[in-house]
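Coordinates as given in protein01.txt (compact mmCIF, C-alpha atoms):
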# COMPACT_ATOMS: atom_id res chain seq x y z
CA LEU R 1 -23.38 34.87 -19.36
CA MET R 2 -20.84 34.12 -16.72
CA GLY R 3 -17.22 34.53 -17.57
CA GLN R 4 -14.50 32.06 -16.86
CA GLY R 5 -13.63 33.87 -13.58
CA GLY R 6 -17.21 33.70 -12.35
CA LEU R 7 -17.38 29.96 -12.99
CA TRP R 8 -14.10 29.41 -11.12
CA SER R 9 -15.32 31.55 -8.20
CA SER R 10 -18.61 29.70 -7.83
CA THR R 11 -16.84 26.31 -8.05
CA LEU R 12 -14.47 27.30 -5.22
CA GLY R 13 -17.45 28.43 -3.18
CA LEU R 14 -19.03 24.98 -3.49
CA PHE R 15 -15.93 23.06 -2.39
CA GLN R 16 -14.81 25.42 0.35
CA PRO R 17 -16.85 23.71 3.14
CA ILE R 18 -15.49 20.33 2.02
CA TYR R 19 -11.81 21.26 1.77
CA GLN R 20 -10.60 23.43 4.60
CA GLY R 21 -7.03 22.20 4.81
CA GLY R 22 -7.68 19.84 7.75
CA ARG R 23 -9.20 22.59 9.91
CA LEU R 24 -12.33 20.56 10.66
CA ARG R 25 -10.24 17.52 11.61
CA ARG R 26 -8.07 19.58 13.97
CA GLY R 27 -11.21 21.09 15.50
CA LEU R 28 -12.63 17.62 16.03
CA GLU R 29 -9.34 16.45 17.58
CA ALA R 30 -9.34 19.45 19.94
CA VAL R 31 -12.90 18.73 21.05
CA GLN R 32 -12.04 15.04 21.50
CA ALA R 33 -8.97 15.97 23.58
CA ARG R 34 -11.09 18.20 25.87
CA PHE R 35 -13.64 15.40 26.19
CA ASP R 36 -10.91 12.89 27.06
CA ALA R 37 -9.39 15.29 29.62
CA ALA R 38 -12.70 15.90 31.44
CA PRO R 39 -12.56 12.69 33.56
CA ALA R 40 -8.98 13.46 34.56
CA ASP R 41 -10.00 17.00 35.58
CA TYR R 42 -12.90 15.60 37.59
CA GLN R 43 -10.62 13.06 39.28
CA LYS R 44 -8.12 15.78 40.09
CA SER R 45 -10.84 17.95 41.61
CA ALA R 46 -12.25 15.05 43.63
CA LEU R 47 -8.82 14.05 44.95
CA ASN R 48 -8.11 17.66 45.87
CA GLY R 49 -11.39 17.79 47.78
CA TYR R 50 -10.61 14.55 49.62
CA ARG R 51 -7.16 15.89 50.50
CA GLU R 52 -8.60 19.14 51.87
CA VAL R 53 -11.12 17.24 54.00
CA ALA R 54 -8.44 14.89 55.33
CA ASN R 55 -6.16 17.83 56.17
CA ALA R 56 -8.99 19.63 57.97
CA LEU R 57 -9.86 16.52 60.00
CA ILE R 58 -6.22 16.01 60.98
CA THR R 59 -5.90 19.67 61.97
CA ILE R 60 -9.04 19.44 64.11
CA GLN R 61 -7.70 16.33 65.85
CA LYS R 62 -4.31 17.92 66.52
CA ARG R 63 -5.92 21.10 67.87
CA ALA R 64 -8.21 19.03 70.11
CA ASP R 65 -5.19 17.14 71.48
CA VAL R 66 -3.35 20.38 72.21
CA ARG R 67 -6.51 21.85 73.76
CA GLY R 68 -6.78 18.85 76.08
CA GLU R 69 -3.17 19.23 77.18
CA ARG R 70 -3.62 22.95 77.79
CA GLU R 71 -6.81 22.36 79.79
CA VAL R 72 -4.87 20.00 82.05
CA GLY R 73 -2.16 22.65 82.35
CA VAL R 74 -4.69 25.33 83.28
CA ALA R 75 -6.22 23.06 85.93
CA ALA R 76 -2.78 22.40 87.41
CA LEU R 77 -1.96 26.12 87.47
CA VAL R 78 -5.32 26.93 89.10
CA ASP R 79 -4.41 24.44 91.83
CA ALA R 80 -0.93 25.99 92.13
CA SER R 81 -2.49 29.44 92.43
CA ASP R 82 -4.83 28.20 95.15
CA VAL R 83 -1.91 26.62 97.01
CA SER R 84 0.05 29.88 96.75
CA ARG R 85 -2.89 31.79 98.21
CA ALA R 86 -3.21 29.27 101.05
CA ARG R 87 0.52 29.50 101.76
CA TYR R 88 0.30 33.31 101.77
CA ASP R 89 -2.73 33.26 104.07
CA SER R 90 -0.86 31.01 106.51
CA GLY R 91 2.23 33.24 106.38
CA LEU R 92 4.49 30.70 104.64
CA ALA R 93 4.93 32.63 101.37
CA SER R 94 5.17 36.16 100.07
CA TYR R 95 2.66 37.80 97.79
CA ILE R 96 5.19 37.48 94.95
CA GLU R 97 4.48 33.74 94.92
CA ILE R 98 0.77 34.45 94.31
CA LEU R 99 1.60 36.92 91.55
CA THR R 100 3.94 34.48 89.85
CA ALA R 101 1.41 31.64 90.06
CA ASP R 102 -1.35 33.89 88.67
CA GLN R 103 0.90 35.13 85.88
CA ASP R 104 1.68 31.55 84.83
CA ARG R 105 -2.00 30.61 85.08
CA PHE R 106 -3.19 33.55 82.98
CA ALA R 107 -0.54 32.91 80.31
CA GLN R 108 -1.67 29.28 80.09
CA GLU R 109 -5.34 30.36 79.92
CA LEU R 110 -4.46 32.71 77.07
CA ARG R 111 -2.74 29.88 75.17
CA LEU R 112 -5.79 27.70 75.81
CA ALA R 113 -8.09 30.38 74.37
CA GLN R 114 -5.86 30.69 71.30
CA THR R 115 -5.93 26.92 70.84
CA ARG R 116 -9.72 26.87 71.10
CA GLY R 117 -9.88 29.60 68.47
CA ALA R 118 -7.58 27.64 66.17
CA GLU R 119 -9.72 24.54 66.66
CA LEU R 120 -12.88 26.46 65.78
CA ARG R 121 -11.19 27.92 62.68
CA ALA R 122 -10.19 24.39 61.64
CA ARG R 123 -13.80 23.25 62.06
CA ALA R 124 -14.99 26.18 59.96
CA GLU R 125 -12.43 25.25 57.30
CA LEU R 126 -13.75 21.68 57.26
CA TYR R 127 -17.26 23.02 56.92
CA ARG R 128 -16.17 25.26 54.02
CA THR R 129 -14.36 22.34 52.36
CA LEU R 130 -17.47 20.18 52.56
CA GLY R 131 -19.48 22.81 50.76
CA GLY R 132 -20.51 25.01 53.67
CA GLY R 133 -23.65 27.00 54.09
CA TRP R 134 -27.28 26.18 54.15
CA GLN R 135 -30.33 27.93 52.89
CA GLN R 136 -33.29 28.99 55.00
CA PRO R 137 -36.56 27.55 53.65
Would it be possible to restate this file's structure as structure tokens?
Amino acid sequence: LMGQGGLWSSTLGLFQPIYQGGRLRRGLEAVQARFDAAPADYQKSALNGYREVANALITIQKRADVRGEREVGVAALVDASDVSRARYDSGLASYIEILTADQDRFAQELRLAQTRGAELRARAELYRTLGGGWQQP
């Protein structure tokens, strides 16, 4: 025979899954909140991706514009260097003029190379933002 304590214990065991002090309801509410937040998280991720792509495209365009300006500058300094050499050859200028023209030209060529590198890095960043990589078959 079961005593009064055993009967009480088995009765509590039967009703324990039913009455959990609102724990099941709070669990359901937490799951529902995560479900409701999922579209917002997706939208946030998508907007962040669009922003990164737009920034990369703008950076590429700006670097290309600067590169174009620096290419024009290099061409002008190449011409100036050639003129300095011609003036030196004809005896109208000293060799210092050639050195100065070459120094300016080489500095501009260095800036052009740095700009090209920055443009390529911006293109690589765009590629990374878009998902990057491919697989060999």
- Pick from R:Arg111, R:Arg105, R:Arg87, R:Arg121: nearest to R:Thr59, with all atoms listed in the file counted?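 Result for the nearest residue to R:Thr59: R:Arg121.
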- Item | Among listed residues R:Asp65, R:Asp102, R:Glu125, R:Glu119, nearest R:Val53 (using only C-alpha atoms) |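 Ranking R:Asp65, R:Asp102, R:Glu125, R:Glu119 by distance to R:Val53, first place goes to R:Glu125.
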- Message: At a cut-off of 8 Å, using only C-alpha atoms, what residues contact R:Arg67? Leave out same-chain residues fewer than 5 positions from it and give the result as a list in words.
- Response: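 Near neighbours after the sequence-gap exclusion: Leu112, Thr115 and Arg116 of chain R.
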Can those selected residues be exported to a file as a PDB file, keeping the file's coordinate frame so that it contains C-alpha atoms?
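What follows is the written file result_2.pdb:
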ATOM      1  CA  LEU R 112      -5.790  27.700  75.810  1.00  0.00           C
ATOM      2  CA  THR R 115      -5.930  26.920  70.840  1.00  0.00           C
ATOM      3  CA  ARG R 116      -9.720  26.870  71.100  1.00  0.00           C
TER       4      ARG R 116
END
- Message: Could you tell me how far atom CA of R:Arg123 sits from atom CA of R:Val66, in Å to one decimal place?
- Response: 14.8 Å
- Item | Gap from atom CA of R:Asn48 to atom CA of R:Ala124 - Å, one decimal |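 Computing it gives 17.8 Å between the two atoms.
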- Go through R:Leu24, R:Ala56, R:Ala38, R:Val78 and flag the residue nearest R:Gln103, using all atoms listed in the file for the distances.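 So, comparing all the options, the nearest one is R:Val78.
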- Between atom CA of R:Arg63 and atom CA of R:Gly131, what is the distance, to one decimal in Å? 21.9 Å
- Task: Could you check which of R:Val83, R:Leu126, R:Asp41, R:Phe106 is closest to R:Ala54, using only C-alpha atoms?
- Result: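 Among R:Val83, R:Leu126, R:Asp41, R:Phe106, it is R:Leu126 that comes nearest to R:Ala54.
Distances to R:Lys62 were evaluated for R:Ile96, R:Ala122, R:Ala33, R:Ala76 using all atoms listed in the file, and the minimum falls at R:Ala122.
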